[in-house]
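Undergrad: Sharing protein-v3.pdb (PDB, C-alpha atoms and all ligand atoms) below.
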```pdb
ATOM      1  CA  MET A  20       0.000   0.000   0.000
ATOM      2  CA  GLU A  21       1.506   3.373  -1.055
ATOM      3  CA  PRO A  22       0.954   6.081   1.593
ATOM      4  CA  PRO A  23      -0.472   9.376   0.257
ATOM      5  CA  SER A  24       2.005  12.246   0.204
ATOM      6  CA  LEU A  25       2.690  14.562   3.136
ATOM      7  CA  PRO A  26       2.166  18.338   2.982
ATOM      8  CA  GLU A  27       5.139  20.361   1.705
ATOM      9  CA  GLY A  28       7.981  20.465   4.262
ATOM     10  CA  TYR A  29       6.558  17.666   6.454
ATOM     11  CA  GLN A  30       8.452  14.401   6.956
ATOM     12  CA  ILE A  31       7.742  11.003   8.487
ATOM     13  CA  ARG A  32      10.620   9.332  10.299
ATOM     14  CA  ALA A  33      11.663   7.241  13.303
ATOM     15  CA  LEU A  34      11.137   8.754  16.769
ATOM     16  CA  SER A  35      14.406  10.175  18.088
ATOM     17  CA  LYS A  36      15.677  11.524  21.411
ATOM     18  CA  GLY A  37      15.395  15.081  20.070
ATOM     19  CA  ASP A  38      11.616  14.703  19.803
ATOM     20  CA  TYR A  39      11.369  15.471  23.528
ATOM     21  CA  ASP A  40      12.068  19.114  22.620
ATOM     22  CA  ARG A  41       9.919  18.917  19.485
ATOM     23  CA  GLY A  42       6.743  18.361  21.500
ATOM     24  CA  VAL A  43       6.044  14.679  20.940
ATOM     25  CA  LEU A  44       4.755  14.267  24.505
ATOM     26  CA  GLU A  45       2.338  17.180  23.995
ATOM     27  CA  THR A  46       1.125  15.413  20.862
ATOM     28  CA  LEU A  47       0.555  12.202  22.837
ATOM     29  CA  LYS A  48      -1.633  14.142  25.286
ATOM     30  CA  THR A  49      -4.194  14.259  22.448
ATOM     31  CA  LEU A  50      -4.580  10.525  23.087
ATOM     32  CA  THR A  51      -4.348  10.061  26.858
ATOM     33  CA  THR A  52      -2.601  10.922  30.121
ATOM     34  CA  VAL A  53       1.137  11.084  29.536
ATOM     35  CA  GLY A  54       2.425  11.965  33.002
ATOM     36  CA  HIS A  55       5.522  14.001  33.876
ATOM     37  CA  ILE A  56       8.328  12.405  31.917
ATOM     38  CA  SER A  57      11.839  13.793  32.381
ATOM     39  CA  LYS A  58      14.168  14.205  29.418
ATOM     40  CA  HIS A  59      16.405  11.493  30.917
ATOM     41  CA  ASP A  60      13.532   8.993  31.161
ATOM     42  CA  PHE A  61      12.382   9.851  27.649
ATOM     43  CA  GLU A  62      15.869   9.304  26.253
ATOM     44  CA  GLN A  63      16.233   5.992  28.116
ATOM     45  CA  ARG A  64      12.943   4.804  26.643
ATOM     46  CA  VAL A  65      13.935   5.850  23.106
ATOM     47  CA  GLU A  66      17.229   3.968  23.585
ATOM     48  CA  LEU A  67      15.248   0.871  24.588
ATOM     49  CA  PHE A  68      13.176   1.188  21.396
ATOM     50  CA  GLN A  69      16.349   1.600  19.322
ATOM     51  CA  ARG A  70      18.128  -1.392  20.950
ATOM     52  CA  ASN A  71      15.062  -3.522  20.221
ATOM     53  CA  SER A  72      14.305  -2.206  16.756
ATOM     54  CA  ASP A  73      13.174  -5.648  15.547
ATOM     55  CA  PHE A  74      10.194  -5.210  17.873
ATOM     56  CA  TYR A  75       9.627  -1.455  18.260
ATOM     57  CA  THR A  76       9.053   0.909  15.326
ATOM     58  CA  PRO A  77       7.945   4.295  16.696
ATOM     59  CA  LEU A  78       7.276   6.907  13.993
ATOM     60  CA  VAL A  79       6.675  10.640  14.104
ATOM     61  CA  ILE A  80       5.498  13.165  11.567
ATOM     62  CA  GLU A  81       7.429  16.427  11.788
ATOM     63  CA  ASP A  82       5.835  19.576  10.398
ATOM     64  CA  ASN A  83       7.556  22.297   8.373
ATOM     65  CA  GLU A  84       8.526  24.104  11.609
ATOM     66  CA  GLY A  85      10.219  21.061  13.161
ATOM     67  CA  ASN A  86       7.417  20.081  15.564
ATOM     68  CA  ALA A  87       6.601  16.391  16.171
ATOM     69  CA  ILE A  88       2.872  16.758  15.460
ATOM     70  CA  ALA A  89       1.863  13.129  14.982
ATOM     71  CA  THR A  90       3.143   9.863  16.351
ATOM     72  CA  GLY A  91       2.417   6.136  16.387
ATOM     73  CA  MET A  92       4.043   2.842  17.292
ATOM     74  CA  LEU A  93       4.314  -0.517  15.539
ATOM     75  CA  LEU A  94       4.998  -3.195  18.150
ATOM     76  CA  ILE A  95       5.916  -6.614  16.759
ATOM     77  CA  GLU A  96       4.924  -9.725  18.648
ATOM     78  CA  ALA A  97       6.985 -12.870  17.926
ATOM     79  CA  LYS A  98       4.707 -15.926  18.140
ATOM     80  CA  LEU A  99       5.045 -19.701  18.052
ATOM     81  CA  ILE A 100       1.858 -20.257  16.061
ATOM     82  CA  HIS A 101       1.715 -19.716  12.301
ATOM     83  CA  ASN A 102       5.255 -21.084  11.889
ATOM     84  CA  CYS A 103       6.803 -18.741  14.452
ATOM     85  CA  GLY A 104       4.912 -15.879  12.825
ATOM     86  CA  LEU A 105       5.060 -12.167  13.590
ATOM     87  CA  VAL A 106       2.029 -10.016  14.401
ATOM     88  CA  GLY A 107       2.148  -6.226  14.227
ATOM     89  CA  HIS A 108       0.274  -4.213  16.848
ATOM     90  CA  ILE A 109      -0.469  -0.564  16.107
ATOM     91  CA  GLU A 110      -0.407   1.442  19.326
ATOM     92  CA  ASP A 111      -0.555   5.000  20.655
ATOM     93  CA  ILE A 112      -1.675   6.908  17.595
ATOM     94  CA  ALA A 113      -1.964  10.651  18.100
ATOM     95  CA  VAL A 114      -2.240  13.637  15.779
ATOM     96  CA  GLN A 115      -2.056  17.068  17.449
ATOM     97  CA  SER A 116      -5.543  18.645  17.510
ATOM     98  CA  SER A 117      -4.656  21.583  15.237
ATOM     99  CA  GLN A 118      -3.254  19.160  12.630
ATOM    100  CA  GLN A 119      -6.180  16.724  12.527
ATOM    101  CA  GLY A 120      -8.239  16.338   9.367
ATOM    102  CA  LYS A 121      -5.303  16.858   6.990
ATOM    103  CA  GLY A 122      -4.725  13.188   6.169
ATOM    104  CA  LEU A 123      -1.774  12.814   8.561
ATOM    105  CA  GLY A 124      -3.383  10.032  10.606
ATOM    106  CA  LEU A 125      -4.012   8.083   7.416
ATOM    107  CA  ILE A 126      -0.400   8.520   6.292
ATOM    108  CA  LEU A 127       0.853   7.430   9.710
ATOM    109  CA  ILE A 128      -1.274   4.261   9.772
ATOM    110  CA  GLN A 129      -0.427   3.313   6.204
ATOM    111  CA  SER A 130       3.280   3.826   6.960
ATOM    112  CA  LEU A 131       3.040   1.608  10.052
ATOM    113  CA  ILE A 132       1.194  -1.067   8.047
ATOM    114  CA  ASN A 133       3.902  -0.911   5.376
ATOM    115  CA  LYS A 134       6.618  -1.270   8.049
ATOM    116  CA  ALA A 135       4.813  -4.347   9.419
ATOM    117  CA  LYS A 136       4.757  -5.863   5.935
ATOM    118  CA  GLU A 137       8.462  -5.100   5.392
ATOM    119  CA  LYS A 138       9.276  -6.747   8.732
ATOM    120  CA  GLY A 139       7.433  -9.922   7.767
ATOM    121  CA  CYS A 140       4.239  -9.683   9.845
ATOM    122  CA  TYR A 141       1.346 -11.819   8.617
ATOM    123  CA  LYS A 142      -1.211  -9.332  10.004
ATOM    124  CA  VAL A 143      -1.511  -6.004  11.795
ATOM    125  CA  ILE A 144      -4.103  -5.414  14.511
ATOM    126  CA  LEU A 145      -5.134  -2.643  16.894
ATOM    127  CA  ASP A 146      -7.667  -1.766  19.572
ATOM    128  CA  CYS A 147      -9.678   1.432  19.300
ATOM    129  CA  SER A 148     -12.815   3.130  20.555
ATOM    130  CA  THR A 149     -16.001   2.962  18.472
ATOM    131  CA  GLU A 150     -15.644   6.616  17.447
ATOM    132  CA  ASN A 151     -12.410   5.797  15.624
ATOM    133  CA  VAL A 152     -13.685   2.740  13.740
ATOM    134  CA  GLU A 153     -14.541   4.758  10.608
ATOM    135  CA  PHE A 154     -11.071   6.331  10.603
ATOM    136  CA  TYR A 155      -9.382   2.922  10.671
ATOM    137  CA  LYS A 156     -11.718   1.634   7.951
ATOM    138  CA  LYS A 157     -10.533   4.548   5.795
ATOM    139  CA  CYS A 158      -6.985   3.303   6.486
ATOM    140  CA  GLY A 159      -7.950  -0.046   4.924
ATOM    141  CA  MET A 160      -8.579  -2.000   8.130
ATOM    142  CA  LYS A 161     -11.710  -3.926   9.074
ATOM    143  CA  VAL A 162     -13.457  -4.862  12.306
ATOM    144  CA  GLU A 163     -12.321  -8.367  13.283
ATOM    145  CA  GLY A 164     -13.066  -8.987  16.944
ATOM    146  CA  THR A 165     -13.802  -7.721  20.412
ATOM    147  CA  GLU A 166     -11.275  -6.125  22.728
ATOM    148  CA  MET A 167     -11.145  -7.266  26.350
ATOM    149  CA  GLY A 168      -9.075  -5.904  29.209
ATOM    150  CA  PHE A 169      -8.150  -6.214  32.873
ATOM    151  CA  ARG A 170      -6.849  -3.073  34.543
ATOM    152  CA  PHE A 171      -4.382  -3.015  37.454
TER
HETATM  153  N1  LIG B 201     -14.602   9.229  12.540
HETATM  154  C1  LIG B 201     -14.880   9.121  11.215
HETATM  155  N2  LIG B 201     -13.984   9.463  10.244
HETATM  156  C2  LIG B 201     -12.792   9.940  10.641
HETATM  157  C3  LIG B 201     -12.434  10.101  12.002
HETATM  158  C4  LIG B 201     -13.398   9.712  12.974
HETATM  159  N3  LIG B 201     -13.134   9.791  14.300
HETATM  160  N4  LIG B 201     -11.180  10.602  12.079
HETATM  161  C5  LIG B 201     -10.779  10.752  10.800
HETATM  162  N5  LIG B 201     -11.729  10.357   9.946
HETATM  163  C6  LIG B 201     -11.683  10.318   8.488
HETATM  164  C7  LIG B 201     -11.351  11.678   7.891
HETATM  165  O1  LIG B 201     -12.522  12.452   7.695
HETATM  166  C8  LIG B 201     -10.695  11.263   6.593
HETATM  167  O2  LIG B 201     -11.697  10.893   5.665
HETATM  168  P1  LIG B 201     -11.627  11.391   4.127
HETATM  169  O3  LIG B 201     -10.358  10.797   3.567
HETATM  170  O4  LIG B 201     -12.863  10.826   3.530
HETATM  171  O5  LIG B 201     -11.579  12.874   4.176
HETATM  172  C9  LIG B 201      -9.933   9.995   6.959
HETATM  173  O6  LIG B 201     -10.605   9.471   8.112
HETATM  174  C10 LIG B 201      -8.479  10.240   7.288
HETATM  175  O7  LIG B 201      -8.448  11.206   8.324
HETATM  176  P2  LIG B 201      -7.106  11.946   8.774
HETATM  177  O8  LIG B 201      -7.198  13.386   8.455
HETATM  178  O9  LIG B 201      -5.925  11.195   8.265
HETATM  179  O10 LIG B 201      -7.218  11.755  10.346
HETATM  180  P3  LIG B 201      -6.410  12.572  11.468
HETATM  181  O11 LIG B 201      -5.086  13.023  10.954
HETATM  182  O12 LIG B 201      -7.306  13.602  12.045
HETATM  183  O13 LIG B 201      -6.137  11.429  12.542
HETATM  184  C11 LIG B 201      -6.873  10.383  14.568
HETATM  185  C12 LIG B 201      -7.195  10.658  13.078
HETATM  186  C13 LIG B 201      -5.527   9.661  14.686
HETATM  187  C14 LIG B 201      -7.979   9.499  15.131
HETATM  188  C15 LIG B 201      -6.816  11.767  15.273
HETATM  189  O14 LIG B 201      -8.080  12.365  15.214
HETATM  190  C16 LIG B 201      -6.378  11.709  16.734
HETATM  191  O15 LIG B 201      -5.181  11.781  17.034
HETATM  192  N6  LIG B 201      -7.351  11.605  17.653
HETATM  193  C17 LIG B 201      -7.082  11.654  19.096
HETATM  194  C18 LIG B 201      -6.286  10.446  19.589
HETATM  195  C19 LIG B 201      -6.873   9.133  19.135
HETATM  196  O16 LIG B 201      -8.080   8.877  19.252
HETATM  197  N7  LIG B 201      -6.000   8.254  18.593
HETATM  198  C20 LIG B 201      -6.372   6.929  18.108
HETATM  199  C21 LIG B 201      -6.390   5.959  19.268
HETATM  200  S1  LIG B 201      -6.510   4.239  18.775
HETATM  201  C22 LIG B 201      -4.879   3.671  18.785
HETATM  202  O17 LIG B 201      -3.985   4.329  19.232
HETATM  203  C23 LIG B 201      -4.594   2.300  18.225
END
```
Mind turning the file's structure into structure tokens?
TA:
Amino acid sequence: MEPPSLPEGYQIRALSKGDYDRGVLETLKTLTTVGHISKHDFEQRVELFQRNSDFYTPLVIEDNEGNAIATGMLLIEAKLIHNCGLVGHIEDIAVQSSQQGKGLGLILIQSLINKAKEKGCYKVILDCSTENVEFYKKCGMKVEGTEMGFRF
């Protein structure tokens, strides 16, 4: 699947340590509670993602002013079933409020799906609220099951 093109001056790339100062945590607040994360803790977590790049593919979209205005993660699960298959999980998708409705979410999801394909996943799945179902359908996904959870 070819992702549509980004607006002029925007780029999609791997999350990096410098995204702390480019507002990626503010962007994530569009999705949920982020907490107070120090620069040190952020950098340690990015290092963990980079050391385990077979499993973690965090992406950001940077706007033409250098702000990290959209982000999303592909997490790869290594399984025994399906001949030791790999399943991609799309997690923590957020587009900054002022940048929503410009096709950036679609580009992000299609890029994460393409990464999952490149990395050999046999499927990509995600959990979302009912209000986002239509968005994910526009990204080419379909409803396949029911999410369940147990909170600690
Ligand atoms: N309901 C119906 N259609 C939608 C919705 C929605 N909630 N959101 C977007 N669309 C449609 C758009 O109208 C567009 O349709 P079109 O091509 O016919 O014009 C298409 O989907 C693509 O929309 P984008 O502009 O790419 O979407 P956007 O950049 O605004 O990103 C997103 C959508 C990620 C849901 C954004 O609104 C957001 O960050 N919301 C808050 C956080 C959130 O809910 N994240 C998803 C959590 S689920 C997870 O993380 C796995």
Undergrad: So which residues get picked by the PyMOL selection byres (((not hetatm)) within 10 of (chain B and resi 201)) here, written as a CSV table (one decimal) with C-alpha atoms, keeping the file's coordinate frame?
TA:
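Produced file selection18.csv, reproduced below:
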```csv
chain,number,residue,atom,x,y,z
A,23,PRO,CA,-0.5,9.4,0.3
A,46,THR,CA,1.1,15.4,20.9
A,47,LEU,CA,0.6,12.2,22.8
A,48,LYS,CA,-1.6,14.1,25.3
A,49,THR,CA,-4.2,14.3,22.4
A,50,LEU,CA,-4.6,10.5,23.1
A,51,THR,CA,-4.3,10.1,26.9
A,88,ILE,CA,2.9,16.8,15.5
A,89,ALA,CA,1.9,13.1,15.0
A,90,THR,CA,3.1,9.9,16.4
A,91,GLY,CA,2.4,6.1,16.4
A,92,MET,CA,4.0,2.8,17.3
A,93,LEU,CA,4.3,-0.5,15.5
A,108,HIS,CA,0.3,-4.2,16.8
A,109,ILE,CA,-0.5,-0.6,16.1
A,110,GLU,CA,-0.4,1.4,19.3
A,111,ASP,CA,-0.6,5.0,20.7
A,112,ILE,CA,-1.7,6.9,17.6
A,113,ALA,CA,-2.0,10.7,18.1
A,114,VAL,CA,-2.2,13.6,15.8
A,115,GLN,CA,-2.1,17.1,17.4
A,116,SER,CA,-5.5,18.6,17.5
A,117,SER,CA,-4.7,21.6,15.2
A,118,GLN,CA,-3.3,19.2,12.6
A,119,GLN,CA,-6.2,16.7,12.5
A,120,GLY,CA,-8.2,16.3,9.4
A,121,LYS,CA,-5.3,16.9,7.0
A,122,GLY,CA,-4.7,13.2,6.2
A,123,LEU,CA,-1.8,12.8,8.6
A,124,GLY,CA,-3.4,10.0,10.6
A,125,LEU,CA,-4.0,8.1,7.4
A,126,ILE,CA,-0.4,8.5,6.3
A,127,LEU,CA,0.9,7.4,9.7
A,128,ILE,CA,-1.3,4.3,9.8
A,129,GLN,CA,-0.4,3.3,6.2
A,144,ILE,CA,-4.1,-5.4,14.5
A,145,LEU,CA,-5.1,-2.6,16.9
A,146,ASP,CA,-7.7,-1.8,19.6
A,147,CYS,CA,-9.7,1.4,19.3
A,148,SER,CA,-12.8,3.1,20.6
A,149,THR,CA,-16.0,3.0,18.5
A,150,GLU,CA,-15.6,6.6,17.4
A,151,ASN,CA,-12.4,5.8,15.6
A,152,VAL,CA,-13.7,2.7,13.7
A,153,GLU,CA,-14.5,4.8,10.6
A,154,PHE,CA,-11.1,6.3,10.6
A,155,TYR,CA,-9.4,2.9,10.7
A,156,LYS,CA,-11.7,1.6,8.0
A,157,LYS,CA,-10.5,4.5,5.8
A,158,CYS,CA,-7.0,3.3,6.5
```
Undergrad: Rank A:Arg41, A:Lys136, A:Lys142, A:Lys36 by their smallest atom-to-atom distance to A:Gln63, using only C-alpha atoms, and report the top residue only.
TA: A:Lys36
Undergrad: Work out how far atom CA of A:Glu81 is from atom CA of A:Ala33, in Å to one decimal.
TA: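 According to the coordinates, atom CA of A:Ala33 and atom CA of A:Glu81 are separated by 10.2 Å.
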Undergrad: Care to translate the PyMOL selection byres (((chain A and resi 65) around 12) and not hetatm) into actual residues of this file, as a PyMOL selection string?
TA: chain A and resi 33-39+58-64+66-72+75-78+92
Undergrad: Which residue gives the smallest distance to A:Ile31 among A:Ala97, A:Gly54, A:Lys138, A:Ile80, with all atoms listed in the file counted?
TA: A:Ile80
Undergrad: As a list in words, please: the residues near A:Leu105 (cut-off 7 Å, all atoms listed in the file, same-chain neighbours under 2 positions excluded).
TA: Ile95, Glu96, Ala97, Lys98, Cys103, Gly107, Gly139, Cys140 and Tyr141 of chain A
Undergrad: For the selection just defined, write its residues with C-alpha atoms to a file, as a PDB file, in the coordinates of the input.
TA:
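Heads up, here's the output in selection08.pdb:
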```pdb
ATOM      1  CA  ILE A  95       5.916  -6.614  16.759  1.00  0.00           C
ATOM      2  CA  GLU A  96       4.924  -9.725  18.648  1.00  0.00           C
ATOM      3  CA  ALA A  97       6.985 -12.870  17.926  1.00  0.00           C
ATOM      4  CA  LYS A  98       4.707 -15.926  18.140  1.00  0.00           C
ATOM      5  CA  CYS A 103       6.803 -18.741  14.452  1.00  0.00           C
ATOM      6  CA  GLY A 107       2.148  -6.226  14.227  1.00  0.00           C
ATOM      7  CA  GLY A 139       7.433  -9.922   7.767  1.00  0.00           C
ATOM      8  CA  CYS A 140       4.239  -9.683   9.845  1.00  0.00           C
ATOM      9  CA  TYR A 141       1.346 -11.819   8.617  1.00  0.00           C
TER      10      TYR A 141
END
```
Undergrad: Which is closer to A:Glu45 than all the others in A:Thr165, A:Asn86, A:Gly104, A:Met160, using all atoms listed in the file?
TA: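 Looking only at the distances to A:Glu45, the closest residue turns out to be A:Asn86.
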Undergrad: Report, in Å to a single decimal, how far apart atom CA of A:Val143 and atom CA of A:His101 are.
TA: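 Going from atom CA of A:His101 over to atom CA of A:Val143, I get 14.1 Å.
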Undergrad: Produce the centre coordinates and the three edge lengths, each in Å to one decimal, of the box along x, y and z that contains all listed atoms of stretch 40-46 of chain A with 3 Å added on each side, as AutoDock Vina command-line options.
TA:
```
--center_x 6.6 --center_y 16.7 --center_z 22.0 --size_x 16.9 --size_y 10.8 --size_z 11.0
```
Undergrad: For each of A:Asp82, A:Gly159, A:Glu137, A:Val106, take the minimum atom-to-atom distance to A:Leu25, counting all atoms listed in the file, then give the residue where this is smallest.
TA: A:Asp82
Undergrad: What would the selection look like, as an MDAnalysis selection string, if the PyMOL selection byres (((chain A and resi 83) around 9) and not hetatm) were run on the coordinates I just shared?
TA: chainID A and resid 26:30 81:82 84:86
Undergrad: Enter the distance from atom CA of A:Phe74 to atom CA of A:Leu99, in Å, rounded to one decimal.
TA: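 So the two atoms, atom CA of A:Phe74 and atom CA of A:Leu99, lie 15.4 Å apart.
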